[in-house]
>>> print(open('query_33.pdb').read())   # PDB, C-alpha atoms, pLDDT in the B column
MODEL        1
ATOM      1  CA  MET A   1       0.000   0.000   0.000  1.00 40.00           C
ATOM      2  CA  SER A   2       1.259   3.471  -0.848  1.00 41.00           C
ATOM      3  CA  GLU A   3       2.201   5.494   2.214  1.00 47.00           C
ATOM      4  CA  SER A   4       0.405   8.434   0.602  1.00 46.00           C
ATOM      5  CA  GLN A   5      -2.788   6.806   1.899  1.00 51.00           C
ATOM      6  CA  TYR A   6      -1.874   7.969   5.407  1.00 51.00           C
ATOM      7  CA  PHE A   7      -2.048  11.602   4.337  1.00 59.00           C
ATOM      8  CA  ARG A   8      -5.409  11.451   2.577  1.00 61.00           C
ATOM      9  CA  GLU A   9      -8.621  12.531   4.213  1.00 62.00           C
ATOM     10  CA  HIS A  10     -10.391   9.442   2.870  1.00 61.00           C
ATOM     11  CA  PRO A  11      -8.078   6.469   2.203  1.00 67.00           C
ATOM     12  CA  ASP A  12      -9.238   4.472  -0.813  1.00 69.00           C
ATOM     13  CA  VAL A  13      -7.997   1.094   0.446  1.00 84.00           C
ATOM     14  CA  GLU A  14     -10.489  -1.355   1.908  1.00 87.00           C
ATOM     15  CA  SER A  15     -10.713  -1.362   5.693  1.00 87.00           C
ATOM     16  CA  SER A  16      -9.157  -4.391   7.415  1.00 91.00           C
ATOM     17  CA  PRO A  17      -8.831  -3.686  11.151  1.00 93.00           C
ATOM     18  CA  VAL A  18      -6.274  -5.410  13.374  1.00 95.00           C
ATOM     19  CA  GLU A  19      -6.085  -5.235  17.172  1.00 96.00           C
ATOM     20  CA  ILE A  20      -2.790  -4.712  19.009  1.00 96.00           C
ATOM     21  CA  ASP A  21      -1.826  -4.126  22.628  1.00 96.00           C
ATOM     22  CA  VAL A  22       0.107  -1.068  23.796  1.00 97.00           C
ATOM     23  CA  SER A  23       1.906  -1.972  27.014  1.00 96.00           C
ATOM     24  CA  LEU A  24       4.096   0.569  28.816  1.00 95.00           C
ATOM     25  CA  PRO A  25       5.337   0.557  32.417  1.00 95.00           C
ATOM     26  CA  ASP A  26       2.622   2.989  33.522  1.00 96.00           C
ATOM     27  CA  VAL A  27      -0.252   2.519  31.043  1.00 96.00           C
ATOM     28  CA  ALA A  28      -1.654  -0.271  28.891  1.00 97.00           C
ATOM     29  CA  PHE A  29      -4.538  -0.319  26.437  1.00 97.00           C
ATOM     30  CA  ALA A  30      -5.863  -2.064  23.345  1.00 97.00           C
ATOM     31  CA  LEU A  31      -5.484  -0.290  20.013  1.00 97.00           C
ATOM     32  CA  ARG A  32      -7.476  -0.993  16.871  1.00 97.00           C
ATOM     33  CA  THR A  33      -5.411  -0.266  13.756  1.00 96.00           C
ATOM     34  CA  ASP A  34      -6.400  -0.399  10.094  1.00 95.00           C
ATOM     35  CA  THR A  35      -5.255  -0.161   6.500  1.00 92.00           C
ATOM     36  CA  GLY A  36      -4.857   3.383   5.231  1.00 90.00           C
ATOM     37  CA  VAL A  37      -3.602   4.484   8.662  1.00 92.00           C
ATOM     38  CA  PHE A  38       0.021   4.670   9.792  1.00 82.00           C
ATOM     39  CA  SER A  39       1.526   1.543  11.394  1.00 77.00           C
ATOM     40  CA  ARG A  40      -1.253  -0.978  10.965  1.00 83.00           C
ATOM     41  CA  GLY A  41      -0.805  -4.096  13.070  1.00 80.00           C
ATOM     42  CA  ALA A  42       2.099  -2.925  15.236  1.00 88.00           C
ATOM     43  CA  LEU A  43       3.324  -0.081  17.390  1.00 93.00           C
ATOM     44  CA  ASP A  44       6.096   1.356  15.243  1.00 93.00           C
ATOM     45  CA  THR A  45       9.610   1.711  16.632  1.00 95.00           C
ATOM     46  CA  GLY A  46       9.645   5.511  16.622  1.00 96.00           C
ATOM     47  CA  THR A  47       6.363   5.864  18.487  1.00 96.00           C
ATOM     48  CA  ARG A  48       7.479   3.256  21.021  1.00 96.00           C
ATOM     49  CA  LEU A  49      10.670   5.256  21.658  1.00 96.00           C
ATOM     50  CA  LEU A  50       8.670   8.457  22.079  1.00 97.00           C
ATOM     51  CA  LEU A  51       6.228   6.873  24.524  1.00 97.00           C
ATOM     52  CA  ALA A  52       8.957   5.170  26.536  1.00 96.00           C
ATOM     53  CA  GLU A  53      11.554   7.920  26.771  1.00 96.00           C
ATOM     54  CA  ALA A  54      10.012  11.355  26.233  1.00 97.00           C
ATOM     55  CA  PRO A  55       9.996  13.684  29.245  1.00 96.00           C
ATOM     56  CA  ALA A  56       6.817  13.389  31.298  1.00 96.00           C
ATOM     57  CA  PRO A  57       4.012  15.503  29.822  1.00 98.00           C
ATOM     58  CA  PRO A  58       2.491  18.361  31.837  1.00 98.00           C
ATOM     59  CA  ARG A  59      -0.056  17.094  34.344  1.00 97.00           C
ATOM     60  CA  GLN A  60      -2.467  19.867  33.373  1.00 97.00           C
ATOM     61  CA  GLY A  61      -3.004  22.200  30.455  1.00 98.00           C
ATOM     62  CA  THR A  62      -3.599  21.517  26.766  1.00 98.00           C
ATOM     63  CA  LEU A  63      -1.624  18.848  24.930  1.00 98.00           C
ATOM     64  CA  LEU A  64      -1.468  17.833  21.261  1.00 98.00           C
ATOM     65  CA  ASP A  65      -0.739  14.645  19.354  1.00 98.00           C
ATOM     66  CA  LEU A  66      -0.022  15.958  15.855  1.00 98.00           C
ATOM     67  CA  GLY A  67      -0.732  13.246  13.265  1.00 96.00           C
ATOM     68  CA  CYS A  68      -2.490  10.929  15.692  1.00 97.00           C
ATOM     69  CA  GLY A  69      -2.940   7.858  13.470  1.00 95.00           C
ATOM     70  CA  ALA A  70      -4.809   5.241  15.502  1.00 97.00           C
ATOM     71  CA  GLY A  71      -4.200   7.208  18.697  1.00 98.00           C
ATOM     72  CA  ALA A  72      -1.331   5.535  20.564  1.00 98.00           C
ATOM     73  CA  ILE A  73       0.380   8.809  21.478  1.00 98.00           C
ATOM     74  CA  ALA A  74      -2.796  10.764  22.246  1.00 98.00           C
ATOM     75  CA  ILE A  75      -4.236   8.039  24.464  1.00 98.00           C
ATOM     76  CA  THR A  76      -0.965   7.684  26.347  1.00 98.00           C
ATOM     77  CA  LEU A  77      -0.908  11.446  26.946  1.00 98.00           C
ATOM     78  CA  ALA A  78      -4.538  11.399  28.114  1.00 98.00           C
ATOM     79  CA  LEU A  79      -3.986   8.525  30.527  1.00 98.00           C
ATOM     80  CA  ARG A  80      -0.763   9.976  31.924  1.00 98.00           C
ATOM     81  CA  SER A  81      -2.269  13.452  32.324  1.00 98.00           C
ATOM     82  CA  PRO A  82      -5.948  12.931  33.216  1.00 98.00           C
ATOM     83  CA  ASP A  83      -6.336  16.573  34.292  1.00 98.00           C
ATOM     84  CA  ALA A  84      -5.130  17.860  30.918  1.00 98.00           C
ATOM     85  CA  VAL A  85      -7.072  18.286  27.684  1.00 98.00           C
ATOM     86  CA  VAL A  86      -5.505  16.276  24.861  1.00 98.00           C
ATOM     87  CA  TRP A  87      -6.154  17.088  21.200  1.00 98.00           C
ATOM     88  CA  ALA A  88      -5.632  14.273  18.686  1.00 98.00           C
ATOM     89  CA  VAL A  89      -5.291  15.793  15.214  1.00 98.00           C
ATOM     90  CA  ASP A  90      -5.032  14.059  11.840  1.00 96.00           C
ATOM     91  CA  VAL A  91      -6.065  14.826   8.259  1.00 95.00           C
ATOM     92  CA  ASN A  92      -7.083  11.177   7.812  1.00 95.00           C
ATOM     93  CA  GLU A  93     -10.754  10.535   8.643  1.00 96.00           C
ATOM     94  CA  ARG A  94     -10.169   6.820   9.238  1.00 96.00           C
ATOM     95  CA  ALA A  95      -7.388   7.651  11.689  1.00 96.00           C
ATOM     96  CA  ARG A  96      -9.645  10.062  13.561  1.00 97.00           C
ATOM     97  CA  SER A  97     -12.409   7.461  13.773  1.00 97.00           C
ATOM     98  CA  LEU A  98      -9.983   4.864  15.125  1.00 97.00           C
ATOM     99  CA  THR A  99      -8.583   7.275  17.687  1.00 98.00           C
ATOM    100  CA  ALA A 100     -12.061   8.167  18.943  1.00 98.00           C
ATOM    101  CA  PHE A 101     -12.966   4.477  19.263  1.00 98.00           C
ATOM    102  CA  ASN A 102      -9.686   3.544  20.954  1.00 98.00           C
ATOM    103  CA  ALA A 103      -9.856   6.498  23.359  1.00 98.00           C
ATOM    104  CA  SER A 104     -13.393   5.651  24.405  1.00 98.00           C
ATOM    105  CA  ARG A 105     -12.454   2.030  25.014  1.00 98.00           C
ATOM    106  CA  ALA A 106      -9.391   3.067  27.039  1.00 98.00           C
ATOM    107  CA  GLY A 107     -11.433   5.462  29.194  1.00 98.00           C
ATOM    108  CA  ALA A 108      -9.535   8.522  27.938  1.00 98.00           C
ATOM    109  CA  SER A 109     -12.444  10.916  28.371  1.00 97.00           C
ATOM    110  CA  ASN A 110     -10.152  13.989  28.305  1.00 98.00           C
ATOM    111  CA  LEU A 111      -9.256  13.446  24.639  1.00 98.00           C
ATOM    112  CA  LEU A 112     -10.656  15.492  21.726  1.00 98.00           C
ATOM    113  CA  VAL A 113     -10.320  14.194  18.165  1.00 98.00           C
ATOM    114  CA  ALA A 114     -10.252  16.753  15.357  1.00 98.00           C
ATOM    115  CA  SER A 115      -9.151  17.501  11.836  1.00 97.00           C
ATOM    116  CA  PRO A 116      -6.576  20.308  11.641  1.00 97.00           C
ATOM    117  CA  GLU A 117      -9.140  22.922  10.620  1.00 97.00           C
ATOM    118  CA  GLU A 118     -11.412  22.011  13.537  1.00 98.00           C
ATOM    119  CA  VAL A 119      -8.903  23.177  16.172  1.00 98.00           C
ATOM    120  CA  PRO A 120      -9.772  26.781  17.117  1.00 97.00           C
ATOM    121  CA  GLU A 121      -7.031  29.266  16.295  1.00 96.00           C
ATOM    122  CA  SER A 122      -7.102  30.479  19.897  1.00 97.00           C
ATOM    123  CA  VAL A 123      -5.967  27.118  21.312  1.00 98.00           C
ATOM    124  CA  ARG A 124      -2.380  27.055  22.582  1.00 98.00           C
ATOM    125  CA  PHE A 125      -0.527  23.884  23.557  1.00 98.00           C
ATOM    126  CA  ASP A 126       1.618  23.272  26.612  1.00 98.00           C
ATOM    127  CA  ALA A 127       3.122  20.208  24.931  1.00 98.00           C
ATOM    128  CA  ILE A 128       3.105  18.722  21.455  1.00 98.00           C
ATOM    129  CA  TRP A 129       4.110  15.099  20.905  1.00 98.00           C
ATOM    130  CA  SER A 130       4.464  13.859  17.350  1.00 98.00           C
ATOM    131  CA  ASN A 131       5.854  11.190  15.088  1.00 96.00           C
ATOM    132  CA  PRO A 132       5.582  13.655  12.204  1.00 94.00           C
ATOM    133  CA  PRO A 133       4.769  12.613   8.624  1.00 90.00           C
ATOM    134  CA  ILE A 134       8.268  13.005   7.193  1.00 89.00           C
ATOM    135  CA  ARG A 135       7.297  11.393   3.890  1.00 83.00           C
ATOM    136  CA  ILE A 136       4.997  14.248   2.891  1.00 88.00           C
ATOM    137  CA  GLY A 137       8.192  15.993   1.775  1.00 90.00           C
ATOM    138  CA  LYS A 138      10.245  18.828   3.215  1.00 93.00           C
ATOM    139  CA  PRO A 139       8.168  21.816   2.043  1.00 94.00           C
ATOM    140  CA  ALA A 140       4.909  20.364   3.403  1.00 94.00           C
ATOM    141  CA  LEU A 141       6.587  19.144   6.589  1.00 95.00           C
ATOM    142  CA  HIS A 142       8.190  22.517   7.241  1.00 96.00           C
ATOM    143  CA  GLN A 143       4.860  24.260   6.691  1.00 96.00           C
ATOM    144  CA  LEU A 144       3.146  21.808   9.046  1.00 96.00           C
ATOM    145  CA  LEU A 145       5.688  22.267  11.828  1.00 97.00           C
ATOM    146  CA  THR A 146       5.856  26.041  11.397  1.00 96.00           C
ATOM    147  CA  SER A 147       2.086  26.247  11.778  1.00 97.00           C
ATOM    148  CA  TRP A 148       1.746  24.042  14.862  1.00 98.00           C
ATOM    149  CA  LEU A 149       4.942  24.930  16.738  1.00 98.00           C
ATOM    150  CA  ALA A 150       3.818  28.566  16.596  1.00 97.00           C
ATOM    151  CA  ARG A 151       0.889  27.499  18.773  1.00 98.00           C
ATOM    152  CA  LEU A 152       3.042  26.393  21.702  1.00 98.00           C
ATOM    153  CA  SER A 153       2.285  28.284  24.884  1.00 97.00           C
ATOM    154  CA  ASP A 154       4.996  30.224  26.719  1.00 95.00           C
ATOM    155  CA  GLY A 155       7.273  27.566  28.155  1.00 95.00           C
ATOM    156  CA  GLY A 156       5.684  24.837  26.047  1.00 97.00           C
ATOM    157  CA  THR A 157       7.762  22.166  24.340  1.00 98.00           C
ATOM    158  CA  ALA A 158       7.373  19.787  21.433  1.00 98.00           C
ATOM    159  CA  VAL A 159       8.796  16.275  21.429  1.00 98.00           C
ATOM    160  CA  LEU A 160       9.384  14.862  17.942  1.00 98.00           C
ATOM    161  CA  VAL A 161      10.631  11.409  16.970  1.00 97.00           C
ATOM    162  CA  VAL A 162      12.278  11.251  13.545  1.00 96.00           C
ATOM    163  CA  GLN A 163      14.220   8.546  11.732  1.00 94.00           C
ATOM    164  CA  LYS A 164      17.874   9.439  11.279  1.00 93.00           C
ATOM    165  CA  HIS A 165      17.994   8.244   7.666  1.00 91.00           C
ATOM    166  CA  LEU A 166      14.859  10.276   6.856  1.00 89.00           C
ATOM    167  CA  GLY A 167      16.531  13.518   7.852  1.00 90.00           C
ATOM    168  CA  ALA A 168      16.313  13.914  11.625  1.00 95.00           C
ATOM    169  CA  ASP A 169      19.544  15.884  11.811  1.00 96.00           C
ATOM    170  CA  SER A 170      18.727  18.174   8.889  1.00 96.00           C
ATOM    171  CA  LEU A 171      15.291  18.799  10.402  1.00 97.00           C
ATOM    172  CA  ALA A 172      16.906  19.744  13.703  1.00 97.00           C
ATOM    173  CA  ASP A 173      19.227  22.140  11.869  1.00 97.00           C
ATOM    174  CA  TRP A 174      16.269  23.680   9.996  1.00 97.00           C
ATOM    175  CA  LEU A 175      14.377  24.205  13.256  1.00 98.00           C
ATOM    176  CA  ARG A 176      17.406  25.913  14.834  1.00 98.00           C
ATOM    177  CA  THR A 177      17.798  28.137  11.776  1.00 97.00           C
ATOM    178  CA  ASN A 178      14.169  29.170  12.223  1.00 97.00           C
ATOM    179  CA  GLY A 179      14.647  30.276  15.810  1.00 97.00           C
ATOM    180  CA  TRP A 180      13.909  27.163  17.869  1.00 98.00           C
ATOM    181  CA  ASP A 181      16.028  25.537  20.526  1.00 98.00           C
ATOM    182  CA  VAL A 182      16.453  21.839  19.722  1.00 98.00           C
ATOM    183  CA  GLU A 183      17.884  19.236  22.065  1.00 97.00           C
ATOM    184  CA  ARG A 184      18.485  15.663  20.969  1.00 97.00           C
ATOM    185  CA  ILE A 185      17.744  13.622  24.078  1.00 97.00           C
ATOM    186  CA  ARG A 186      17.871  10.089  22.616  1.00 95.00           C
ATOM    187  CA  SER A 187      19.349   8.344  19.594  1.00 94.00           C
ATOM    188  CA  ARG A 188      18.312   4.726  19.374  1.00 91.00           C
ATOM    189  CA  ALA A 189      17.259   2.118  16.794  1.00 90.00           C
ATOM    190  CA  GLY A 190      17.832   4.597  13.968  1.00 94.00           C
ATOM    191  CA  TYR A 191      15.626   7.294  15.512  1.00 96.00           C
ATOM    192  CA  ARG A 192      16.291  10.686  17.084  1.00 97.00           C
ATOM    193  CA  LEU A 193      14.126  12.032  19.909  1.00 98.00           C
ATOM    194  CA  LEU A 194      14.111  15.839  19.691  1.00 98.00           C
ATOM    195  CA  VAL A 195      12.783  18.356  22.236  1.00 98.00           C
ATOM    196  CA  VAL A 196      11.894  21.683  20.612  1.00 98.00           C
ATOM    197  CA  SER A 197      11.284  24.931  22.492  1.00 97.00           C
ATOM    198  CA  ARG A 198      11.523  28.685  22.086  1.00 92.00           C
ATOM    199  CA  PRO A 199      14.839  30.217  23.156  1.00 88.00           C
ATOM    200  CA  ALA A 200      14.815  31.379  26.777  1.00 78.00           C
TER     201      ALA A 200
ENDMDL
END
>>> encode(input="query_33.pdb", output="structure tokens")
Amino acid sequence: MSESQYFREHPDVESSPVEIDVSLPDVAFALRTDTGVFSRGALDTGTRLLLAEAPAPPRQGTLLDLGCGAGAIAITLALRSPDAVVWAVDVNERARSLTAFNASRAGASNLLVASPEEVPESVRFDAIWSNPPIRIGKPALHQLLTSWLARLSDGGTAVLVVQKHLGADSLADWLRTNGWDVERIRSRAGYRLLVVSRPA
């Protein structure tokens, strides 16, 4: 299946759902995945690294999973920070439907699922976690990150997981050039874990 399916509002591949288990030291939940949505049938290596080794999210405030897929990151954020509001955002309607189903089943009642245009412009995020869609190409990726990183609150941070061979280091350099502080906190299994913030 073409990976371009992940970035379409309505994937044109037939649905074929598969159940997986997400098991972390502090949270565990079932996750329904599907064709036309990123990482069907498994928790991908990058997302697993992000969930296992990112700094703890704020306990309160407004959090964002950018490119939520089936919802592994958003649900983890919601369960770890039950007093926060978590937005799960994706252009893919099938992904949004899966995330809503998986969140309800996991009891993540503090999670809001939305398309990008459904998030009010006034909303600011205290943390953004994302396994960003690198394969949409640099211009589209840069536009995506510019748009959403600008919505970080004062003191907010973004945690991004990016494959090294897909340009993690060049992305970090681009972010620095555009005025962001970037710290690489992990490098494992071919992935970089980057923490992005405004300069102090």
>>> atom_distance(input="query_33.pdb", atom1="CA of Asn102 (chain A)", atom2="CA of Thr45 (chain A)")
19.9 Å
>>> atom_distance(input="query_33.pdb", atom1="CA of Leu64 (chain A)", atom2="CA of Ile128 (chain A)")
4.7 Å
>>> atom_distance(input="query_33.pdb", atom1="CA of Ile73 (chain A)", atom2="CA of Ser122 (chain A)")
23.0 Å
>>> resolve_selection(input="query_33.pdb", expression="the PyMOL selection byres ((chain A and resi 50) around 9)", output="ChimeraX atom specification")
/A:45-49,51-55,73,129-131,159-161,193
>>> resolve_selection(input="query_33.pdb", expression="the PyMOL selection byres ((chain A and resi 29-36) around 7)", output="PyMOL selection string")
chain A and resi 5-6+11+13+15-23+27-28+37-38+40-41+70+98+102+106
>>> closest_residue(input="query_33.pdb", among="A:Pro82, A:Gly137, A:Pro58, A:Gly69", to="Ala108 (chain A)", atoms="only C-alpha atoms")
A:Pro82
